[in-house]
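Printed here is work00.txt (compact mmCIF, C-alpha atoms):
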```txt
# COMPACT_ATOMS: atom_id res chain seq x y z
CA MET A 1 178.12 120.36 113.27
CA SER A 2 176.24 123.70 112.93
CA ASP A 3 172.73 124.10 111.52
CA SER A 4 174.18 125.89 108.48
CA GLN A 5 176.17 122.77 107.63
CA HIS A 6 172.94 120.71 107.66
CA ALA A 7 171.06 123.24 105.48
CA PRO A 8 171.12 122.93 101.69
CA PRO A 9 173.78 125.15 100.11
CA ILE A 10 172.83 128.50 98.63
CA LEU A 11 175.10 127.88 95.64
CA ARG A 12 176.50 124.82 93.87
CA VAL A 13 178.93 124.62 90.98
CA ASP A 14 179.10 121.15 89.42
CA ASP A 15 181.74 119.98 86.91
CA LEU A 16 181.93 123.42 85.31
CA HIS A 17 183.94 123.90 82.11
CA LYS A 18 184.47 127.06 80.09
CA VAL A 19 186.09 127.18 76.64
CA TYR A 20 186.49 130.36 74.59
CA ASP A 21 186.80 130.44 70.82
CA ALA A 22 189.94 132.40 69.92
CA SER A 23 191.43 133.27 66.55
CA ASN A 24 194.18 130.67 67.06
CA GLY A 25 191.85 127.97 68.36
CA PRO A 26 189.84 127.15 71.50
CA VAL A 27 191.12 128.35 74.88
CA GLU A 28 190.14 126.35 77.95
CA ALA A 29 189.57 128.82 80.80
CA LEU A 30 187.97 126.54 83.43
CA ARG A 31 188.09 122.77 83.86
CA GLY A 32 185.96 120.65 86.17
CA ILE A 33 185.08 123.23 88.84
CA ASP A 34 183.12 121.79 91.79
CA LEU A 35 182.21 124.19 94.59
CA THR A 36 179.59 124.32 97.33
CA ILE A 37 178.86 127.55 99.21
CA GLN A 38 176.64 127.79 102.28
CA LYS A 39 174.26 130.66 102.96
CA GLY A 40 176.01 133.43 104.89
CA GLU A 41 179.51 132.16 104.06
CA PHE A 42 182.33 134.51 103.07
CA VAL A 43 184.35 132.80 100.31
CA CYS A 44 187.48 134.15 98.63
CA LEU A 45 188.53 132.89 95.19
CA LEU A 46 192.32 133.21 95.25
CA GLY A 47 194.71 132.84 92.36
CA ALA A 48 197.18 134.52 90.04
CA SER A 49 196.03 136.62 87.10
CA GLY A 50 194.62 134.47 84.32
CA CYS A 51 193.55 131.55 86.51
CA GLY A 52 189.87 131.97 85.65
CA LYS A 53 188.58 133.27 88.97
CA SER A 54 186.87 136.30 87.41
CA THR A 55 185.43 134.06 84.67
CA LEU A 56 183.96 131.79 87.34
CA LEU A 57 182.49 134.82 89.14
CA ARG A 58 180.93 136.13 85.92
CA ILE A 59 179.34 132.73 85.23
CA ILE A 60 177.88 132.71 88.76
CA ALA A 61 176.60 136.24 88.11
CA GLY A 62 174.98 135.07 84.87
CA PHE A 63 177.01 137.42 82.66
CA GLU A 64 178.63 134.47 80.88
CA GLN A 65 177.49 130.93 80.12
CA ALA A 66 179.47 127.80 80.94
CA THR A 67 180.45 125.48 78.11
CA SER A 68 179.32 122.53 80.22
CA GLY A 69 178.43 121.80 83.81
CA SER A 70 176.00 123.74 85.97
CA VAL A 71 175.61 126.51 88.52
CA THR A 72 172.54 126.41 90.75
CA MET A 73 171.26 128.79 93.41
CA PHE A 74 168.75 127.40 95.90
CA GLY A 75 168.56 124.45 93.50
CA PHE A 76 167.60 126.51 90.44
CA GLY A 77 169.89 126.84 87.44
CA ILE A 78 171.59 130.17 86.73
CA ASP A 79 171.49 131.22 83.09
CA ARG A 80 171.20 135.02 83.29
CA PRO A 81 171.86 137.93 85.67
CA GLY A 82 169.36 138.42 88.48
CA PRO A 83 168.76 140.74 91.44
CA ASP A 84 169.51 137.86 93.84
CA ARG A 85 173.19 138.20 92.78
CA GLY A 86 174.77 141.65 93.01
CA MET A 87 178.14 142.38 91.39
CA VAL A 88 180.75 144.88 92.61
CA PHE A 89 183.55 145.60 90.13
CA GLN A 90 187.03 147.05 90.61
CA ASP A 91 186.11 150.00 88.38
CA TYR A 92 182.94 150.84 90.39
CA ALA A 93 180.52 150.82 87.36
CA LEU A 94 178.44 153.68 88.76
CA PHE A 95 176.08 155.81 86.69
CA PRO A 96 178.07 159.05 86.33
CA TRP A 97 174.97 161.17 85.68
CA LEU A 98 173.32 160.09 88.96
CA THR A 99 174.13 161.30 92.47
CA VAL A 100 175.14 158.97 95.30
CA LYS A 101 171.55 158.82 96.48
CA GLU A 102 170.20 158.25 92.97
CA ASN A 103 172.73 155.48 92.24
CA ILE A 104 171.73 153.62 95.40
CA ALA A 105 168.01 154.20 94.76
CA PHE A 106 168.18 152.93 91.19
CA GLY A 107 167.53 149.25 91.95
CA PRO A 108 164.62 149.76 94.35
CA SER A 109 163.08 152.25 91.90
CA GLN A 110 163.30 149.69 89.08
CA ARG A 111 161.42 147.24 91.30
CA ARG A 112 158.59 149.81 91.40
CA LEU A 113 158.54 150.08 95.16
CA ALA A 114 156.61 152.91 96.77
CA SER A 115 158.55 156.18 96.91
CA LYS A 116 158.68 156.16 100.70
CA ASP A 117 160.08 152.60 100.66
CA VAL A 118 162.74 153.55 98.08
CA ALA A 119 163.71 156.54 100.22
CA GLY A 120 163.91 154.40 103.36
CA ILE A 121 166.05 151.73 101.72
CA THR A 122 168.34 154.34 100.20
CA GLU A 123 168.83 156.19 103.49
CA ARG A 124 169.50 152.92 105.33
CA PHE A 125 172.29 151.78 103.05
CA MET A 126 173.79 155.25 102.57
CA ALA A 127 174.14 155.38 106.34
CA MET A 128 175.52 151.83 106.49
CA VAL A 129 178.41 152.76 104.18
CA GLY A 130 178.93 156.19 105.78
CA LEU A 131 177.84 158.34 102.83
CA ALA A 132 174.75 160.14 104.14
CA ALA A 133 176.64 163.45 104.08
CA PHE A 134 177.52 162.92 100.40
CA ALA A 135 174.04 162.04 99.14
CA ASP A 136 173.96 164.76 96.46
CA ARG A 137 177.53 164.30 95.17
CA TYR A 138 178.21 162.82 91.75
CA PRO A 139 180.74 159.99 91.20
CA HIS A 140 183.38 162.35 89.76
CA GLN A 141 183.29 164.25 93.06
CA LEU A 142 184.14 161.17 95.13
CA SER A 143 187.36 159.38 96.05
CA GLY A 144 187.96 155.81 94.92
CA GLY A 145 187.02 154.44 98.33
CA MET A 146 183.79 156.43 98.39
CA LYS A 147 182.87 155.23 94.90
CA GLN A 148 183.32 151.64 96.03
CA ARG A 149 181.11 152.28 99.05
CA VAL A 150 178.40 153.53 96.68
CA ALA A 151 178.80 150.40 94.54
CA ILE A 152 178.42 148.15 97.60
CA ALA A 153 175.41 150.11 98.89
CA ARG A 154 173.75 149.90 95.47
CA VAL A 155 173.96 146.09 95.55
CA LEU A 156 172.68 145.96 99.14
CA ALA A 157 169.74 148.21 98.28
CA ASN A 158 168.75 145.82 95.50
CA ASP A 159 168.07 143.10 98.09
CA ALA A 160 170.63 140.61 96.79
CA ASP A 161 171.23 137.27 98.52
CA VAL A 162 174.78 136.91 97.19
CA LEU A 163 177.36 139.68 96.91
CA LEU A 164 179.87 138.99 94.11
CA MET A 165 183.06 141.09 94.30
CA ASP A 166 185.71 141.10 91.57
CA GLU A 167 188.92 142.46 93.16
CA PRO A 168 186.91 145.46 94.42
CA PHE A 169 189.75 147.03 96.41
CA GLY A 170 192.57 146.31 93.96
CA ALA A 171 192.87 149.91 92.69
CA LEU A 172 192.80 151.56 96.11
CA ASP A 173 195.69 152.74 98.28
CA ALA A 174 196.69 150.55 101.22
CA LEU A 175 195.00 152.64 103.94
CA THR A 176 191.71 152.94 102.07
CA ARG A 177 191.80 149.23 101.23
CA SER A 178 192.33 148.29 104.88
CA LYS A 179 189.46 150.52 105.99
CA LEU A 180 187.08 149.10 103.40
CA GLN A 181 188.05 145.54 104.32
CA GLU A 182 186.98 146.29 107.91
CA GLU A 183 183.76 147.93 106.74
CA LEU A 184 182.95 145.02 104.44
CA ILE A 185 183.18 142.55 107.33
CA ASP A 186 180.89 144.81 109.40
CA ILE A 187 178.37 144.95 106.51
CA TRP A 188 178.58 141.20 105.97
CA ARG A 189 177.86 140.56 109.64
CA ALA A 190 174.98 143.06 109.71
CA THR A 191 173.28 141.78 106.54
CA LYS A 192 174.15 138.05 106.77
CA LEU A 193 174.83 138.08 103.03
CA THR A 194 176.75 135.36 101.23
CA VAL A 195 179.92 136.91 99.77
CA ILE A 196 182.11 135.54 96.96
CA PHE A 197 185.20 137.72 96.71
CA VAL A 198 187.88 137.45 94.01
CA THR A 199 191.43 138.44 94.98
CA HIS A 200 195.05 137.67 94.16
CA SER A 201 196.21 138.76 97.64
CA VAL A 202 196.84 135.95 100.12
CA GLU A 203 196.70 138.37 103.06
CA GLU A 204 193.34 139.77 101.94
CA ALA A 205 191.89 136.29 101.49
CA VAL A 206 193.00 135.08 104.94
CA LEU A 207 191.84 138.35 106.52
CA LEU A 208 188.32 138.21 105.08
CA ALA A 209 187.27 134.66 104.32
CA ASP A 210 185.65 131.73 106.05
CA GLN A 211 186.86 129.62 103.13
CA VAL A 212 189.70 130.32 100.70
CA VAL A 213 189.37 128.56 97.33
CA VAL A 214 192.84 128.34 95.74
CA MET A 215 192.71 128.20 91.95
CA THR A 216 195.39 127.09 89.51
CA ALA A 217 196.03 128.45 86.05
CA GLY A 218 196.07 126.85 82.61
CA PRO A 219 193.19 125.90 82.65
CA GLY A 220 191.61 127.14 85.88
CA ARG A 221 190.89 124.43 88.41
CA ILE A 222 190.38 124.33 92.17
CA ASP A 223 193.65 123.21 93.73
CA CYS A 224 192.37 123.17 97.32
CA GLN A 225 189.91 124.75 99.74
CA VAL A 226 191.21 126.11 103.04
CA GLN A 227 188.90 126.76 105.98
CA ILE A 228 189.89 129.88 107.95
CA GLU A 229 188.77 129.48 111.54
CA LEU A 230 190.53 132.47 113.09
CA PRO A 231 188.21 134.62 115.21
CA ARG A 232 187.32 138.10 113.96
CA PRO A 233 188.60 140.78 114.03
CA ARG A 234 191.80 139.23 112.69
CA ASP A 235 195.26 140.56 113.45
CA VAL A 236 197.54 140.31 110.41
CA SER A 237 200.60 140.50 112.69
CA SER A 238 199.61 137.58 114.92
CA PRO A 239 201.54 134.27 114.76
CA GLU A 240 198.32 132.37 114.02
CA PHE A 241 197.46 134.62 111.08
CA ASN A 242 200.94 134.38 109.62
CA THR A 243 201.02 130.60 109.97
CA LEU A 244 197.84 130.42 107.89
CA ARG A 245 199.14 132.98 105.41
CA ARG A 246 202.30 130.92 104.86
CA ASP A 247 200.23 127.75 104.42
CA VAL A 248 197.94 129.35 101.83
CA THR A 249 200.91 130.93 100.04
CA ARG A 250 202.61 127.52 99.86
CA ARG A 251 199.48 125.98 98.39
CA LEU A 252 199.14 128.83 95.89
CA THR A 253 202.73 128.67 94.69
CA SER A 254 203.23 124.88 94.73
CA HIS A 255 201.20 124.33 91.56
CA ILE A 256 203.21 127.07 89.81
CA ALA A 257 206.40 125.22 90.63
CA ARG A 258 204.88 121.95 89.39
CA GLY A 259 203.82 123.63 86.16
CA ARG A 260 207.32 125.00 85.56
CA ALA A 261 208.84 121.59 86.22
CA LEU A 262 206.47 119.93 83.75
CA ALA A 263 207.20 122.60 81.15
CA ALA A 264 210.94 122.13 81.62
CA THR A 265 210.55 118.38 81.22
CA ALA A 266 208.50 118.81 78.04
CA ASP A 267 211.13 121.13 76.56
CA SER A 268 214.07 118.86 77.39
```
Target encoding structure tokens, full file:
Amino acid sequence: MSDSQHAPPILRVDDLHKVYDASNGPVEALRGIDLTIQKGEFVCLLGASGCGKSTLLRIIAGFEQATSGSVTMFGFGIDRPGPDRGMVFQDYALFPWLTVKENIAFGPSQRRLASKDVAGITERFMAMVGLAAFADRYPHQLSGGMKQRVAIARVLANDADVLLMDEPFGALDALTRSKLQEELIDIWRATKLTVIFVTHSVEEAVLLADQVVVMTAGPGRIDCQVQIELPRPRDVSSPEFNTLRRDVTRRLTSHIARGRALAATADS
């Protein structure tokens, strides 16, 4: 057993429930979520649209509150956003009036660091995501992939411990998505960050994760957790990769089939 397995987890989710008040009555989004994440682990939350994976991520980020249960980081309860958890969205969420350099420098500047330290941090992470040559461009002058690199660098510059990513590559073309997946793994290795990554793509989850958390819909629960022990870099065409992909796909789709069977029985 590795030292990381002996260490206390960076994040714990215990018996988490989330219920929304809707016009036609309460809607249960999450039921009984239990999850433990170790420091430096890359975890993918995998599930179909509407399974609650983004809701769970937003609760971990502190943007939403659970109805019951708890989320703790280093043993302390999470009840609001904090710089220790950085969020990367599918729609980039950049400040359109700031340049690449200014977007990345925003967090360090808000922490009132010395100007030379802000400049050093900004240059470091611009270089890490390959955008040093675009420092003075504005978001509207960038491609989708470049915007997402800025979003990632902005979180890194803010000295987060956990990188939360909500389908960050979902709107990108296949080639750009593949390139950014490779770059994300390189960044994760270089920074030793803990990453929680939401996706509905089985291939993306198996490609990136140490642990794939398969979620079910109606209400969202954890169906199973799959450890991915393939060495990196991973080859999506290898027999080993495709065996795992089929296994995760089977786990993801089995609960859908069970749900349809139960619905059919209820209607009969």
Report the closest atom pair, with its distance in Å rounded to one decimal, for each residue of stretch 193-240 of chain A that has an atom no farther than 10 Å from stretch 57-65 of chain A; count only C-alpha atoms, sort by chain and then rising residue number, and write it as CSV.
```
residue,atom,partner,partner_atom,distance
A:Ile196,CA,A:Leu57,CA,7.9
A:Phe197,CA,A:Leu57,CA,8.5
A:Val198,CA,A:Leu57,CA,7.7
```
Report task. Skip stretch 244-249 of chain A itself and residues of its chain fewer than 4 positions away, then list as number ranges by chain all residues within 12 Å of it, counting only C-alpha atoms. Result -> A: 44, 46-48, 200-207, 209, 211-215, 223-230, 234-240, 253-256
Those same residues - C-alpha atoms - I'd like them written as a compact mmCIF listing (two decimals), keeping the file's coordinate frame.
```txt
# COMPACT_ATOMS: atom_id res chain seq x y z
CA CYS A 44 187.48 134.15 98.63
CA LEU A 46 192.32 133.21 95.25
CA GLY A 47 194.71 132.84 92.36
CA ALA A 48 197.18 134.52 90.04
CA HIS A 200 195.05 137.67 94.16
CA SER A 201 196.21 138.76 97.64
CA VAL A 202 196.84 135.95 100.12
CA GLU A 203 196.70 138.37 103.06
CA GLU A 204 193.34 139.77 101.94
CA ALA A 205 191.89 136.29 101.49
CA VAL A 206 193.00 135.08 104.94
CA LEU A 207 191.84 138.35 106.52
CA ALA A 209 187.27 134.66 104.32
CA GLN A 211 186.86 129.62 103.13
CA VAL A 212 189.70 130.32 100.70
CA VAL A 213 189.37 128.56 97.33
CA VAL A 214 192.84 128.34 95.74
CA MET A 215 192.71 128.20 91.95
CA ASP A 223 193.65 123.21 93.73
CA CYS A 224 192.37 123.17 97.32
CA GLN A 225 189.91 124.75 99.74
CA VAL A 226 191.21 126.11 103.04
CA GLN A 227 188.90 126.76 105.98
CA ILE A 228 189.89 129.88 107.95
CA GLU A 229 188.77 129.48 111.54
CA LEU A 230 190.53 132.47 113.09
CA ARG A 234 191.80 139.23 112.69
CA ASP A 235 195.26 140.56 113.45
CA VAL A 236 197.54 140.31 110.41
CA SER A 237 200.60 140.50 112.69
CA SER A 238 199.61 137.58 114.92
CA PRO A 239 201.54 134.27 114.76
CA GLU A 240 198.32 132.37 114.02
CA THR A 253 202.73 128.67 94.69
CA SER A 254 203.23 124.88 94.73
CA HIS A 255 201.20 124.33 91.56
CA ILE A 256 203.21 127.07 89.81
```
Would you mind listing, for every residue of stretch 121-159 of chain A within 10 Å of stretch 170-184 of chain A, the two atoms forming the shortest contact and the distance between them in Å to one decimal, using only C-alpha atoms, sorted by chain and ascending residue number, as CSV?
```
residue,atom,partner,partner_atom,distance
A:Met128,CA,A:Glu183,CA,9.1
A:Val129,CA,A:Glu183,CA,7.6
A:Gly130,CA,A:Glu183,CA,9.6
A:Ser143,CA,A:Leu172,CA,9.5
A:Gly144,CA,A:Leu172,CA,6.6
A:Gly145,CA,A:Thr176,CA,6.2
A:Met146,CA,A:Thr176,CA,9.4
A:Gln148,CA,A:Leu180,CA,8.7
A:Arg149,CA,A:Leu180,CA,8.0
A:Ile152,CA,A:Leu184,CA,8.8
```
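Between A:Phe42 and the candidates A:Val88, A:Ala7, A:Leu164, A:Val195, the tightest atom-to-atom separation, counting only C-alpha atoms, involves A:Val195.
Atom CA of A:Ile121 is positioned 19.9 Å from atom CA of A:Pro139.
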**Report entry** Pick from A:Val43, A:Ala93, A:Ile78, A:Leu208, whichever lies nearest to A:Val13 using all atoms listed in the file
**Finding:**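 Result for the nearest residue to A:Val13: A:Ile78.
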Query raised in the report: Which protein, DNA or RNA residues are at most 8 Å from (190.2, 131.2, 79.8) in the file's coordinates when you count all atoms listed in the file, listed as JSON, numbers by chain?
Result: {"A": [18, 19, 20, 27, 28, 29, 30, 50, 51, 52, 55, 218, 219, 220]}
Query raised in the report: Which residues, written as an MDAnalysis selection string, have at least one atom at most 7 Å from A:Met87, with all atoms listed in the file counted and residues fewer than 4 positions away on the same chain left out?
Result: chainID A and resid 155 163:165
Query raised in the report: Mind pulling up the distance from atom CA of A:Gly75 to atom CA of A:Leu56?
Result: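 We find that atom CA of A:Leu56 and atom CA of A:Gly75 lie 18.1 Å from each other.
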Query - Atom pair atom CA of A:Thr199 / atom CA of A:Glu167: separation (Å) - result: 5.1 Å
